[in-house]
Amino acid sequence: MKKTAILAAIILFCSVIAHGCISEPAQSATEGTESLLVYCGAGMKKPMDELGSQFEHECGVKVICNYAGSGYLLNQMELAQQGDVYQPGSAYYFDIARELGLIDCEKSVAYHVPVIVVPKGNLANITGLDDLTNPGVRVALGDPEACAIGKLGDRILEKNDIRDAVEANTIVRGATVNALILYASRGDVDAAITWKETVLVAPDETEAIGVPESENIIQTIPIGTLTFSENKESAEEFVDFVTSDYGKSVYEKYGFTPYRQGDIGDINETDR
C-alpha cells in the first residue's frame with residue numbers, strides 16, 4: 001500500500017509538470033497550516049488565483065491550485081486519490097467524476113460560452129462556424145481527451161453538421177484553452193474554438209466572433225468537494241466562497257457570465 005501511495009504521488013507530480021502548473025501564489029503550505037488542493041481547469045486560472053488568495057487571507061487556509069486540462073485533472077484525481085476540490089471547465093468531466101464516486105457536495109459558479117477566436121484583423125474573414133470549412137482556413141481545436149473545450153467544440157461542430165469539414169482544416173489540437181489562444185495570437189491559425197473570456201488573455205492580438213445560441217452549446221461551470229478530502233469542512237467553505245455573490249463577481253470581472261438559477265445555462269445543461 002505504501003508503494004502504491006508513493007507511485008500515485010509521483011504520477012501526480014509528473015503530470016502537473018507536464019500538463020498544468022501549480023499557480024504562482026500556490027506555494028507549499030507553511031508547516032502546520034491547513035491547506036486545500038484544488039484541481040481547476042486552466043481557463044479559470046485568473047479568477048481562481050484571486051479567490052484562492054482572498055480565501056487564504058480571510059480564513060487562514062492555504063489554497064494550492066493545480067491547473068491543467070479538465071480531462072488530465074480527472075485522471076490525476078482518480079490515480080492519486082488526493083485533494084479537496086475539483087472545478088473542470090464543463091459539466092461533462094464533472095459528471096464522470098461523480099459517476100466514479102469522487103464528488104461530495106457540488107454547486108455552480110458561472111457559464112462557459114464558446115466563441116470563435118481569430119487573430120487581430122481577422123485576415124481569413126471568419127464570420128461564423130461555416131467559415132471554418134472554407135478551403136485554406138487553418139483551424140485549432142481543443143484536444144477532447146484533455147480539455148473541456150475540445151470535447152464541447154467537437155459537439156458544436158456535430159450539432160451544425162460540419163465536423164468532418166472542419167476536421168479537414170484542423171492543423172493542431174491544443175491541450176488547454178491557453179494553448180488555443182496562443183496559436184491564434186501568433187497567427188499560427190486563422191481561427192480556434194475556445195471560451196469567450198479567454199480572449200482577454202491576449203486582447204491586443206485576438207478578437208472573438210460570437211456563435212448564435214441556436215448553434216452553440218453553453219456550459220455551466222461546476223465546482224465540488226472530493227470524497228477523499230481530508231479537509232472536508234474547509235473544502236466546503238471554499239466551494240461556498242467561490243459560488244458566493246462575491247466569488248461570482250470575481251469571475252465576472254474576468255469575462256465570465258455568473259451563474260444565476262433559471263438562466264441560460266440551465267436551458268442548455270441537458271445538452272451537455
# chains A, B, ... in the order shown; residues from 1 in each chain; ligands from 1
>>> residues_around(residues="range 207-222 of chain A", least_positions_apart="6", cutoff="6 Å", atoms="only C-alpha atoms", output="JSON, numbers by chain")
{"A": [87, 89, 90, 107, 108, 109, 110, 111, 112, 113, 115, 116, 117, 118, 120, 265, 268]}
>>> residues_around(residues="Asp240 in chain A", least_positions_apart="5", cutoff="10 Å", atoms="only C-alpha atoms", output="PyMOL selection string")
chain A and resi 106-109+223-224+234-235+245+247
>>> write_last_selection(atoms="N, CA and C atoms", output="PDB file, in the first residue's frame")
ATOM      1  N   GLU A 106     -21.719  19.778  -4.349  1.00  0.00           N
ATOM      2  CA  GLU A 106     -21.431  20.460  -5.613  1.00  0.00           C
ATOM      3  C   GLU A 106     -22.322  21.681  -5.800  1.00  0.00           C
ATOM      4  N   LYS A 107     -21.780  22.681  -6.509  1.00  0.00           N
ATOM      5  CA  LYS A 107     -22.524  23.901  -6.819  1.00  0.00           C
ATOM      6  C   LYS A 107     -22.081  24.397  -8.197  1.00  0.00           C
ATOM      7  N   SER A 108     -22.742  25.458  -8.683  1.00  0.00           N
ATOM      8  CA  SER A 108     -22.385  26.066  -9.972  1.00  0.00           C
ATOM      9  C   SER A 108     -21.935  27.501  -9.738  1.00  0.00           C
ATOM     10  N   VAL A 109     -20.961  27.954 -10.545  1.00  0.00           N
ATOM     11  CA  VAL A 109     -20.402  29.288 -10.319  1.00  0.00           C
ATOM     12  C   VAL A 109     -20.595  30.221 -11.506  1.00  0.00           C
ATOM     13  N   ILE A 223     -18.419  23.223  -9.474  1.00  0.00           N
ATOM     14  CA  ILE A 223     -17.311  23.072  -8.537  1.00  0.00           C
ATOM     15  C   ILE A 223     -17.808  22.220  -7.380  1.00  0.00           C
ATOM     16  N   GLY A 224     -16.964  21.335  -6.882  1.00  0.00           N
ATOM     17  CA  GLY A 224     -17.404  20.462  -5.802  1.00  0.00           C
ATOM     18  C   GLY A 224     -16.247  19.932  -4.981  1.00  0.00           C
ATOM     19  N   SER A 234     -13.248  22.734   5.492  1.00  0.00           N
ATOM     20  CA  SER A 234     -12.635  23.861   4.781  1.00  0.00           C
ATOM     21  C   SER A 234     -12.922  23.784   3.289  1.00  0.00           C
ATOM     22  N   ALA A 235     -12.951  22.569   2.730  1.00  0.00           N
ATOM     23  CA  ALA A 235     -13.243  22.409   1.308  1.00  0.00           C
ATOM     24  C   ALA A 235     -14.652  22.892   0.998  1.00  0.00           C
ATOM     25  N   ASP A 245     -21.911  35.470  -3.958  1.00  0.00           N
ATOM     26  CA  ASP A 245     -22.052  36.635  -4.830  1.00  0.00           C
ATOM     27  C   ASP A 245     -20.697  37.288  -5.084  1.00  0.00           C
ATOM     28  N   GLY A 247     -17.726  35.720  -5.019  1.00  0.00           N
ATOM     29  CA  GLY A 247     -16.969  34.853  -5.917  1.00  0.00           C
ATOM     30  C   GLY A 247     -17.417  34.985  -7.354  1.00  0.00           C
TER      31      GLY A 247
END
>>> residues_around(residues="Thr194 in chain A", least_positions_apart="3", cutoff="8 Å", atoms="only C-alpha atoms", output="list in words")
Pro114, Val115, Ile116, Val117, Leu141, Gly142, Ile149, Gly153, Val177, Leu180, Ile181 and Thr198 of chain A
>>> residues_around(residues="Leu37 in chain A", least_positions_apart="2", cutoff="7 Å", atoms="only C-alpha atoms", output="list in words")
Ser35, Tyr39, Val63, Ile64, Cys65, Gly83, Asp84 and Val85 of chain A
>>> write_last_selection(atoms="N, CA and C atoms", output="compact mmCIF listing (two decimals), in the first residue's frame")
# COMPACT_ATOMS: atom_id res chain seq x y z
N SER A 35 -4.16 23.30 4.43
CA SER A 35 -4.14 23.66 3.01
C SER A 35 -5.17 22.85 2.24
N TYR A 39 -8.13 21.19 -7.91
CA TYR A 39 -7.91 20.85 -9.31
C TYR A 39 -8.82 21.76 -10.14
N VAL A 63 -4.55 27.79 -0.25
CA VAL A 63 -5.18 27.18 -1.42
C VAL A 63 -4.10 26.91 -2.47
N ILE A 64 -3.86 25.63 -2.75
CA ILE A 64 -2.87 25.21 -3.73
C ILE A 64 -3.62 24.73 -4.97
N CYS A 65 -3.41 25.42 -6.09
CA CYS A 65 -4.16 25.12 -7.31
C CYS A 65 -3.32 24.36 -8.32
N GLY A 83 -6.52 15.28 -2.62
CA GLY A 83 -7.01 16.60 -3.00
C GLY A 83 -8.36 16.88 -2.37
N ASP A 84 -8.87 18.11 -2.62
CA ASP A 84 -10.03 18.57 -1.89
C ASP A 84 -11.17 19.12 -2.76
N VAL A 85 -10.84 19.75 -3.87
CA VAL A 85 -11.86 20.43 -4.68
C VAL A 85 -11.57 20.23 -6.16
>>> residues_around(residues="Gly69 in chain A", least_positions_apart="2", cutoff="7 Å", atoms="only C-alpha atoms", output="ChimeraX atom specification")
/A:41-42,71-73,146-147,175-176
>>> residues_around(residues="Thr227 in chain A", least_positions_apart="2", cutoff="9 Å", atoms="only C-alpha atoms", output="MDAnalysis selection string")
chainID A and resid 81 84 101:105 225 229:230 232
>>> decode(residues="range 27-75 of chain A", atoms="N, CA and C atoms", output="mmCIF file, in the first residue's frame")
data_model
loop_
_atom_site.group_PDB
_atom_site.id
_atom_site.type_symbol
_atom_site.label_atom_id
_atom_site.label_comp_id
_atom_site.auth_asym_id
_atom_site.auth_seq_id
_atom_site.Cartn_x
_atom_site.Cartn_y
_atom_site.Cartn_z
ATOM 1 N N GLN A 27 2.226 28.236 -3.388
ATOM 2 C CA GLN A 27 3.443 27.571 -2.991
ATOM 3 C C GLN A 27 3.104 26.551 -1.916
ATOM 4 N N SER A 28 4.088 25.759 -1.515
ATOM 5 C CA SER A 28 3.842 24.764 -0.479
ATOM 6 C C SER A 28 3.348 25.443 0.784
ATOM 7 N N ALA A 29 2.363 24.820 1.398
ATOM 8 C CA ALA A 29 1.785 25.402 2.607
ATOM 9 C C ALA A 29 2.825 25.429 3.718
ATOM 10 N N THR A 30 2.778 26.490 4.521
ATOM 11 C CA THR A 30 3.663 26.590 5.665
ATOM 12 C C THR A 30 3.375 25.446 6.612
ATOM 13 N N GLU A 31 4.421 24.891 7.174
ATOM 14 C CA GLU A 31 4.247 23.741 8.058
ATOM 15 C C GLU A 31 3.281 24.089 9.183
ATOM 16 N N GLY A 32 2.308 23.227 9.401
ATOM 17 C CA GLY A 32 1.329 23.464 10.452
ATOM 18 C C GLY A 32 0.108 24.230 9.992
ATOM 19 N N THR A 33 0.111 24.730 8.750
ATOM 20 C CA THR A 33 -1.015 25.477 8.208
ATOM 21 C C THR A 33 -1.882 24.549 7.375
ATOM 22 N N GLU A 34 -3.188 24.596 7.604
ATOM 23 C CA GLU A 34 -4.099 23.775 6.813
ATOM 24 C C GLU A 34 -4.079 24.242 5.363
ATOM 25 N N SER A 35 -4.164 23.299 4.425
ATOM 26 C CA SER A 35 -4.136 23.662 3.014
ATOM 27 C C SER A 35 -5.165 22.848 2.239
ATOM 28 N N LEU A 36 -5.597 23.412 1.108
ATOM 29 C CA LEU A 36 -6.518 22.737 0.200
ATOM 30 C C LEU A 36 -5.853 22.583 -1.153
ATOM 31 N N LEU A 37 -5.987 21.397 -1.747
ATOM 32 C CA LEU A 37 -5.523 21.170 -3.111
ATOM 33 C C LEU A 37 -6.734 21.244 -4.034
ATOM 34 N N VAL A 38 -6.710 22.214 -4.950
ATOM 35 C CA VAL A 38 -7.823 22.457 -5.860
ATOM 36 C C VAL A 38 -7.401 22.102 -7.277
ATOM 37 N N TYR A 39 -8.125 21.189 -7.907
ATOM 38 C CA TYR A 39 -7.911 20.855 -9.310
ATOM 39 C C TYR A 39 -8.824 21.759 -10.141
ATOM 40 N N CYS A 40 -8.224 22.607 -10.968
ATOM 41 C CA CYS A 40 -9.010 23.624 -11.672
ATOM 42 C C CYS A 40 -8.627 23.689 -13.144
ATOM 43 N N GLY A 41 -9.624 23.747 -14.022
ATOM 44 C CA GLY A 41 -9.365 23.894 -15.446
ATOM 45 C C GLY A 41 -8.516 25.126 -15.737
ATOM 46 N N ALA A 42 -7.591 24.996 -16.684
ATOM 47 C CA ALA A 42 -6.616 26.059 -16.945
ATOM 48 C C ALA A 42 -7.260 27.377 -17.349
ATOM 49 N N GLY A 43 -8.431 27.329 -17.975
ATOM 50 C CA GLY A 43 -9.078 28.554 -18.430
ATOM 51 C C GLY A 43 -9.629 29.413 -17.313
ATOM 52 N N MET A 44 -9.626 28.893 -16.089
ATOM 53 C CA MET A 44 -10.176 29.648 -14.953
ATOM 54 C C MET A 44 -9.095 30.069 -13.969
ATOM 55 N N LYS A 45 -7.848 30.133 -14.441
ATOM 56 C CA LYS A 45 -6.717 30.421 -13.562
ATOM 57 C C LYS A 45 -6.818 31.794 -12.903
ATOM 58 N N LYS A 46 -7.167 32.821 -13.662
ATOM 59 C CA LYS A 46 -7.161 34.176 -13.093
ATOM 60 C C LYS A 46 -8.164 34.351 -11.964
ATOM 61 N N PRO A 47 -9.450 34.010 -12.170
ATOM 62 C CA PRO A 47 -10.363 34.167 -11.034
ATOM 63 C C PRO A 47 -10.028 33.249 -9.873
ATOM 64 N N MET A 48 -9.562 32.029 -10.153
ATOM 65 C CA MET A 48 -9.252 31.114 -9.070
ATOM 66 C C MET A 48 -8.028 31.568 -8.288
ATOM 67 N N ASP A 49 -7.027 32.130 -8.958
ATOM 68 C CA ASP A 49 -5.876 32.695 -8.254
ATOM 69 C C ASP A 49 -6.326 33.771 -7.269
ATOM 70 N N GLU A 50 -7.184 34.664 -7.752
ATOM 71 C CA GLU A 50 -7.642 35.774 -6.896
ATOM 72 C C GLU A 50 -8.480 35.254 -5.727
ATOM 73 N N LEU A 51 -9.387 34.337 -6.001
ATOM 74 C CA LEU A 51 -10.240 33.811 -4.947
ATOM 75 C C LEU A 51 -9.448 32.976 -3.944
ATOM 76 N N GLY A 52 -8.470 32.230 -4.433
ATOM 77 C CA GLY A 52 -7.638 31.443 -3.531
ATOM 78 C C GLY A 52 -6.859 32.323 -2.573
ATOM 79 N N SER A 53 -6.301 33.405 -3.102
ATOM 80 C CA SER A 53 -5.541 34.327 -2.255
ATOM 81 C C SER A 53 -6.444 35.002 -1.231
ATOM 82 N N GLN A 54 -7.643 35.388 -1.656
ATOM 83 C CA GLN A 54 -8.570 36.059 -0.751
ATOM 84 C C GLN A 54 -9.070 35.107 0.331
ATOM 85 N N PHE A 55 -9.337 33.859 -0.044
ATOM 86 C CA PHE A 55 -9.788 32.863 0.937
ATOM 87 C C PHE A 55 -8.705 32.612 1.976
ATOM 88 N N GLU A 56 -7.462 32.519 1.524
ATOM 89 C CA GLU A 56 -6.360 32.330 2.462
ATOM 90 C C GLU A 56 -6.266 33.513 3.420
ATOM 91 N N HIS A 57 -6.437 34.730 2.881
ATOM 92 C CA HIS A 57 -6.354 35.940 3.709
ATOM 93 C C HIS A 57 -7.464 35.962 4.755
ATOM 94 N N GLU A 58 -8.680 35.571 4.363
ATOM 95 C CA GLU A 58 -9.824 35.661 5.259
ATOM 96 C C GLU A 58 -9.929 34.481 6.213
ATOM 97 N N CYS A 59 -9.545 33.289 5.753
ATOM 98 C CA CYS A 59 -9.778 32.070 6.547
ATOM 99 C C CYS A 59 -8.513 31.412 7.076
ATOM 100 N N GLY A 60 -7.345 31.861 6.589
ATOM 101 C CA GLY A 60 -6.098 31.277 7.055
ATOM 102 C C GLY A 60 -5.823 29.891 6.522
ATOM 103 N N VAL A 61 -6.484 29.526 5.422
ATOM 104 C CA VAL A 61 -6.291 28.212 4.800
ATOM 105 C C VAL A 61 -5.599 28.394 3.458
ATOM 106 N N LYS A 62 -4.477 27.757 3.275
ATOM 107 C CA LYS A 62 -3.708 27.867 2.037
ATOM 108 C C LYS A 62 -4.424 27.141 0.912
ATOM 109 N N VAL A 63 -4.546 27.790 -0.254
ATOM 110 C CA VAL A 63 -5.176 27.175 -1.423
ATOM 111 C C VAL A 63 -4.104 26.906 -2.467
ATOM 112 N N ILE A 64 -3.865 25.633 -2.750
ATOM 113 C CA ILE A 64 -2.869 25.209 -3.732
ATOM 114 C C ILE A 64 -3.618 24.729 -4.965
ATOM 115 N N CYS A 65 -3.408 25.420 -6.088
ATOM 116 C CA CYS A 65 -4.163 25.116 -7.305
ATOM 117 C C CYS A 65 -3.318 24.360 -8.319
ATOM 118 N N ASN A 66 -3.884 23.302 -8.853
ATOM 119 C CA ASN A 66 -3.282 22.537 -9.936
ATOM 120 C C ASN A 66 -4.080 22.846 -11.192
ATOM 121 N N TYR A 67 -3.489 23.567 -12.143
ATOM 122 C CA TYR A 67 -4.179 23.970 -13.356
ATOM 123 C C TYR A 67 -3.743 23.106 -14.535
ATOM 124 N N ALA A 68 -4.717 22.594 -15.255
ATOM 125 C CA ALA A 68 -4.448 21.799 -16.454
ATOM 126 C C ALA A 68 -5.766 21.596 -17.173
ATOM 127 N N GLY A 69 -5.738 20.845 -18.269
ATOM 128 C CA GLY A 69 -6.968 20.476 -18.940
ATOM 129 C C GLY A 69 -7.831 19.627 -18.013
ATOM 130 N N SER A 70 -9.146 19.789 -18.118
ATOM 131 C CA SER A 70 -10.065 19.119 -17.187
ATOM 132 C C SER A 70 -9.931 17.604 -17.224
ATOM 133 N N GLY A 71 -9.677 17.040 -18.416
ATOM 134 C CA GLY A 71 -9.508 15.603 -18.533
ATOM 135 C C GLY A 71 -8.249 15.109 -17.836
ATOM 136 N N TYR A 72 -7.146 15.848 -17.989
ATOM 137 C CA TYR A 72 -5.917 15.481 -17.298
ATOM 138 C C TYR A 72 -6.127 15.504 -15.779
ATOM 139 N N LEU A 73 -6.820 16.538 -15.307
ATOM 140 C CA LEU A 73 -7.054 16.665 -13.871
ATOM 141 C C LEU A 73 -7.878 15.496 -13.342
ATOM 142 N N LEU A 74 -8.870 15.095 -14.111
ATOM 143 C CA LEU A 74 -9.705 13.968 -13.694
ATOM 144 C C LEU A 74 -8.864 12.704 -13.554
ATOM 145 N N ASN A 75 -7.961 12.477 -14.500
ATOM 146 C CA ASN A 75 -7.079 11.309 -14.418
ATOM 147 C C ASN A 75 -6.164 11.381 -13.198
#
